[in-house]
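Q: One file is attached below, entry-v7.cif, containing mmCIF, C-alpha atoms.
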data_start
loop_
_atom_site.label_atom_id
_atom_site.label_comp_id
_atom_site.auth_asym_id
_atom_site.auth_seq_id
_atom_site.Cartn_x
_atom_site.Cartn_y
_atom_site.Cartn_z
CA MET A 248 79.30 84.92 -47.66
CA SER A 249 78.18 88.52 -47.55
CA ASP A 250 79.74 91.07 -49.91
CA ASP A 251 81.72 92.61 -47.03
CA THR A 252 83.04 89.24 -45.86
CA ASP A 253 83.86 88.22 -49.43
CA GLU A 254 85.74 91.48 -49.99
CA THR A 255 87.71 91.01 -46.76
CA HIS A 256 88.49 87.42 -47.78
CA GLN A 257 89.78 88.57 -51.18
CA ARG A 258 91.88 91.35 -49.62
CA LEU A 259 93.46 88.89 -47.18
CA LYS A 260 94.18 86.49 -50.02
CA ALA A 261 95.78 89.28 -52.04
CA ALA A 262 97.91 90.31 -49.04
CA VAL A 263 99.10 86.72 -48.53
CA HIS A 264 99.86 86.41 -52.26
CA TYR A 265 101.83 89.66 -52.23
CA THR A 266 103.81 88.65 -49.13
CA VAL A 267 104.58 85.19 -50.52
CA GLY A 268 105.74 86.81 -53.74
CA ARG A 269 108.08 89.14 -51.87
CA LEU A 270 109.46 86.27 -49.78
CA CYS A 271 110.03 84.15 -52.89
CA GLN A 272 111.76 87.07 -54.56
CA LYS A 273 114.06 87.55 -51.56
CA ILE A 274 114.85 83.84 -51.28
CA GLY A 275 115.38 83.66 -55.03
CA GLU A 276 117.89 86.50 -54.88
CA ASP A 277 119.73 84.88 -51.97
CA HIS A 278 119.96 81.51 -53.76
CA ARG A 279 120.14 82.71 -57.37
CA ARG A 280 116.84 81.06 -58.30
CA GLU A 281 113.59 82.23 -59.79
CA PHE A 282 110.05 81.28 -58.85
CA SER A 283 107.38 81.09 -61.54
CA ARG A 284 104.07 82.89 -61.07
CA GLN A 285 102.31 79.52 -60.84
CA VAL A 286 104.59 78.37 -58.02
CA ILE A 287 104.09 81.62 -56.12
CA ALA A 288 100.31 81.31 -56.57
CA ALA A 289 100.37 77.69 -55.36
CA ILE A 290 102.45 78.56 -52.28
CA ALA A 291 100.16 81.53 -51.52
CA GLU A 292 97.02 79.39 -51.83
CA THR A 293 98.50 76.66 -49.63
CA THR A 294 99.58 79.24 -47.07
CA PHE A 295 96.14 80.85 -47.03
CA ARG A 296 94.39 77.50 -46.57
CA GLN A 297 96.80 76.49 -43.79
CA CYS A 298 96.17 79.78 -41.99
CA ASP A 299 92.44 79.08 -42.21
CA VAL A 300 92.98 75.65 -40.65
CA PHE A 301 95.15 77.18 -37.91
CA ALA A 302 92.51 79.82 -37.15
CA LYS A 303 89.75 77.21 -36.84
CA ASP A 304 91.96 75.03 -34.63
CA LEU A 305 92.82 77.99 -32.39
CA GLU A 306 89.14 78.84 -31.98
CA ALA A 307 88.34 75.21 -31.17
CA PHE A 308 91.11 74.97 -28.55
CA ALA A 309 89.96 78.16 -26.84
CA ARG A 310 86.31 77.06 -26.93
CA HIS A 311 87.27 73.64 -25.52
CA ALA A 312 88.96 75.42 -22.60
CA LYS A 313 85.74 77.47 -22.14
CA ARG A 314 87.49 80.69 -23.15
CA SER A 315 86.51 83.27 -25.72
CA THR A 316 90.10 84.43 -26.22
CA VAL A 317 92.92 82.51 -27.88
CA ASN A 318 96.09 82.44 -25.78
CA ALA A 319 99.70 81.31 -26.12
CA GLU A 320 98.92 77.76 -25.00
CA ASP A 321 96.47 77.41 -27.89
CA VAL A 322 99.16 78.56 -30.33
CA LYS A 323 101.60 76.04 -28.87
CA LEU A 324 99.03 73.30 -29.42
CA VAL A 325 98.57 74.27 -33.07
CA ALA A 326 102.33 74.20 -33.62
CA ARG A 327 102.90 70.85 -31.90
CA ARG A 328 103.15 68.86 -35.18
CA SER A 329 106.10 70.90 -36.44
CA THR A 330 109.10 70.46 -34.17
CA ALA A 331 110.95 73.51 -35.49
CA LEU A 332 107.87 75.74 -35.26
CA SER A 333 107.01 74.41 -31.83
CA ILE A 334 110.50 75.15 -30.52
CA TYR A 335 110.44 78.63 -32.06
CA ILE A 336 107.05 79.45 -30.54
CA GLN A 337 108.09 78.06 -27.15
CA ASN A 338 111.20 80.25 -27.16
CA LYS A 339 109.23 83.34 -28.21
CA SER A 340 106.65 82.65 -25.52
CA GLU A 341 109.37 82.43 -22.88
CA GLU A 342 110.94 85.67 -24.15
CA LEU A 343 107.60 87.48 -23.95
CA THR A 344 106.93 86.13 -20.47
CA GLN A 345 110.37 87.31 -19.32
CA GLU A 346 109.84 90.76 -20.86
CA GLN A 347 106.50 91.08 -19.07
CA ARG A 348 108.15 90.12 -15.76
CA ASP A 349 110.91 92.67 -16.34
CA LEU A 350 108.35 95.40 -17.10
CA LYS A 351 106.43 94.57 -13.93
CA LYS A 352 109.63 94.72 -11.89
CA LYS A 353 110.53 98.10 -13.37
CA GLY A 354 107.02 99.40 -12.71
CA THR A 355 106.99 98.30 -9.08
CA GLY A 356 110.56 99.53 -8.58
CA LYS A 357 109.62 103.03 -9.70
CA ARG A 358 106.57 103.04 -7.48
CA LYS A 359 108.63 102.02 -4.46
CA SER A 360 111.20 104.73 -5.09
CA ARG A 361 108.44 107.36 -5.44
CA ASP A 362 106.81 106.18 -2.23
CA THR A 363 110.16 106.30 -0.44
CA GLU A 364 110.79 109.85 -1.68
CA GLU A 365 107.34 110.95 -0.49
CA ASP A 366 107.96 109.38 2.92
CA ARG A 367 111.27 111.26 3.23
CA ARG A 368 109.57 114.58 2.44
CA GLU A 369 107.00 114.09 5.19
#
Let me see the file written as structure tokens.
A:
Amino acid sequence: MSDDTDETHQRLKAAVHYTVGRLCQKIGEDHRREFSRQVIAAIAETTFRQCDVFAKDLEAFARHAKRSTVNAEDVKLVARRSTALSIYIQNKSEELTQEQRDLKKKGTGKRKSRDTEEDRRE
């Protein structure tokens, strides 16, 4: 790895470790438990490695479909082994699709009303 890539890698790892630590702290407070530093480090390392696997799988799925961009279908494929995650991602995908449809409807509705107003003025 180059120095720049190595530095980015280390910064990402540190960010994951920090986030895992904060999540463990929050969960610990909610359940009156404590997490040791070793446990937090192990969870962070596992999380980082799993994210790396997910990223490689996402790239492979997009490449297999002859695309250079990862899309929602690729993410759904990655999540297929975890029922809960798959359901969550499916629901989020449907929500986003609905929001996009609603935004398009609002955008075309405004355009129609503007066109109608301009026609009335003429």
Q: Do a neighbour search on Gln257 of chain A at 12 Å with all atoms listed in the file, toss out local chain neighbours closer than 6 positions, and write the hits as a list in words.
A: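 The neighbour list is Met248, Asp250, Asp251, Val263, His264, Glu292 and Phe295 of chain A.
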Q: Do you have the atom CA of Ser329 of chain A-atom CA of Gln297 of chain A distance handy?
A: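 Calculated distance between atom CA of Ser329 of chain A and atom CA of Gln297 of chain A is 13.1 Å.
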Q: What does the distance from atom CA of Glu346 of chain A to atom CA of Ser315 of chain A come to in Å, to one decimal?
A: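 Rounded to one decimal, the two atoms are 25.0 Å apart.
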Q: By how many Å are atom CA of Arg280 of chain A and atom CA of Leu332 of chain A apart?
A: 25.3 Å
Q: Taking the point (99.9, 81.6, -50.0) as given in the file, collect each protein or nucleic acid residue that comes within 10 Å of it, counting all atoms listed in the file, and present the set as a ChimeraX atom specification.
A: /A:260-268,286-298
Q: List as a ChimeraX atom specification: which residues have an atom within 12 Å of (90.9, 74.4, -32.3), counting only C-alpha atoms?
A: /A:299-318,320-326
Q: When you count only C-alpha atoms, which of these residues is closest to Ser340 of chain A: A:Lys352, A:His278, A:Ala319, A:Ser283?
A: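 That would be A:Ala319, the residue with the smallest distance to Ser340 of chain A.
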Q: Need the axis-aligned box for segment 296-306 of chain A with 4 Å each side, so what are the centre and edges in Å to one decimal, as lines of an AutoDock Vina configuration file?
A:
center_x = 93.0
center_y = 77.4
center_z = -39.3
size_x = 15.7
size_y = 12.8
size_z = 22.6
Q: Can you patch up segment 248-270 of chain A, filling it in to N, CA, C and O atoms, and show the result as a compact mmCIF listing (two decimals), in the coordinates of the input?
A:
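Result file out.txt:
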# COMPACT_ATOMS: atom_id res chain seq x y z
N MET A 248 78.61 83.82 -48.29
CA MET A 248 79.30 84.92 -47.66
C MET A 248 78.66 86.24 -48.09
O MET A 248 78.22 86.39 -49.21
N SER A 249 78.67 87.19 -47.20
CA SER A 249 78.18 88.52 -47.55
C SER A 249 79.22 89.23 -48.41
O SER A 249 80.38 88.82 -48.48
N ASP A 250 78.81 90.31 -49.06
CA ASP A 250 79.74 91.07 -49.91
C ASP A 250 80.93 91.59 -49.10
O ASP A 250 82.06 91.55 -49.56
N ASP A 251 80.66 92.07 -47.88
CA ASP A 251 81.72 92.61 -47.03
C ASP A 251 82.71 91.52 -46.63
O ASP A 251 83.92 91.72 -46.68
N THR A 252 82.19 90.36 -46.25
CA THR A 252 83.04 89.24 -45.86
C THR A 252 83.84 88.74 -47.05
O THR A 252 85.03 88.44 -46.94
N ASP A 253 83.18 88.67 -48.21
CA ASP A 253 83.86 88.22 -49.43
C ASP A 253 84.98 89.18 -49.81
O ASP A 253 86.07 88.77 -50.19
N GLU A 254 84.72 90.48 -49.67
CA GLU A 254 85.74 91.48 -49.99
C GLU A 254 86.93 91.36 -49.03
O GLU A 254 88.09 91.40 -49.46
N THR A 255 86.65 91.18 -47.75
CA THR A 255 87.71 91.01 -46.76
C THR A 255 88.53 89.76 -47.08
O THR A 255 89.76 89.78 -47.02
N HIS A 256 87.84 88.69 -47.42
CA HIS A 256 88.49 87.42 -47.78
C HIS A 256 89.43 87.63 -48.96
O HIS A 256 90.59 87.17 -48.94
N GLN A 257 88.97 88.32 -49.98
CA GLN A 257 89.78 88.57 -51.18
C GLN A 257 90.98 89.47 -50.86
O GLN A 257 92.08 89.26 -51.38
N ARG A 258 90.77 90.46 -50.00
CA ARG A 258 91.88 91.35 -49.62
C ARG A 258 92.94 90.59 -48.83
O ARG A 258 94.14 90.80 -49.02
N LEU A 259 92.50 89.70 -47.94
CA LEU A 259 93.46 88.89 -47.18
C LEU A 259 94.24 87.97 -48.11
O LEU A 259 95.46 87.83 -47.98
N LYS A 260 93.53 87.37 -49.05
CA LYS A 260 94.18 86.49 -50.02
C LYS A 260 95.21 87.25 -50.83
O LYS A 260 96.32 86.77 -51.08
N ALA A 261 94.85 88.46 -51.27
CA ALA A 261 95.78 89.28 -52.04
C ALA A 261 97.00 89.65 -51.21
O ALA A 261 98.14 89.65 -51.71
N ALA A 262 96.79 89.95 -49.92
CA ALA A 262 97.91 90.31 -49.04
C ALA A 262 98.85 89.12 -48.85
O ALA A 262 100.07 89.28 -48.86
N VAL A 263 98.28 87.93 -48.68
CA VAL A 263 99.10 86.72 -48.53
C VAL A 263 99.88 86.49 -49.82
O VAL A 263 101.08 86.20 -49.80
N HIS A 264 99.20 86.62 -50.97
CA HIS A 264 99.86 86.41 -52.26
C HIS A 264 101.02 87.39 -52.44
O HIS A 264 102.12 87.00 -52.86
N TYR A 265 100.79 88.64 -52.11
CA TYR A 265 101.83 89.66 -52.23
C TYR A 265 103.02 89.32 -51.33
O TYR A 265 104.18 89.38 -51.75
N THR A 266 102.74 88.96 -50.08
CA THR A 266 103.81 88.65 -49.13
C THR A 266 104.59 87.42 -49.57
O THR A 266 105.83 87.41 -49.49
N VAL A 267 103.89 86.39 -50.03
CA VAL A 267 104.58 85.19 -50.52
C VAL A 267 105.46 85.55 -51.71
O VAL A 267 106.60 85.09 -51.82
N GLY A 268 104.95 86.38 -52.59
CA GLY A 268 105.74 86.81 -53.74
C GLY A 268 107.01 87.52 -53.34
O GLY A 268 108.10 87.27 -53.89
N ARG A 269 106.89 88.41 -52.35
CA ARG A 269 108.08 89.14 -51.87
C ARG A 269 109.08 88.19 -51.21
O ARG A 269 110.29 88.32 -51.40
N LEU A 270 108.57 87.24 -50.42
CA LEU A 270 109.46 86.27 -49.78
C LEU A 270 110.17 85.40 -50.81
O LEU A 270 111.37 85.13 -50.71
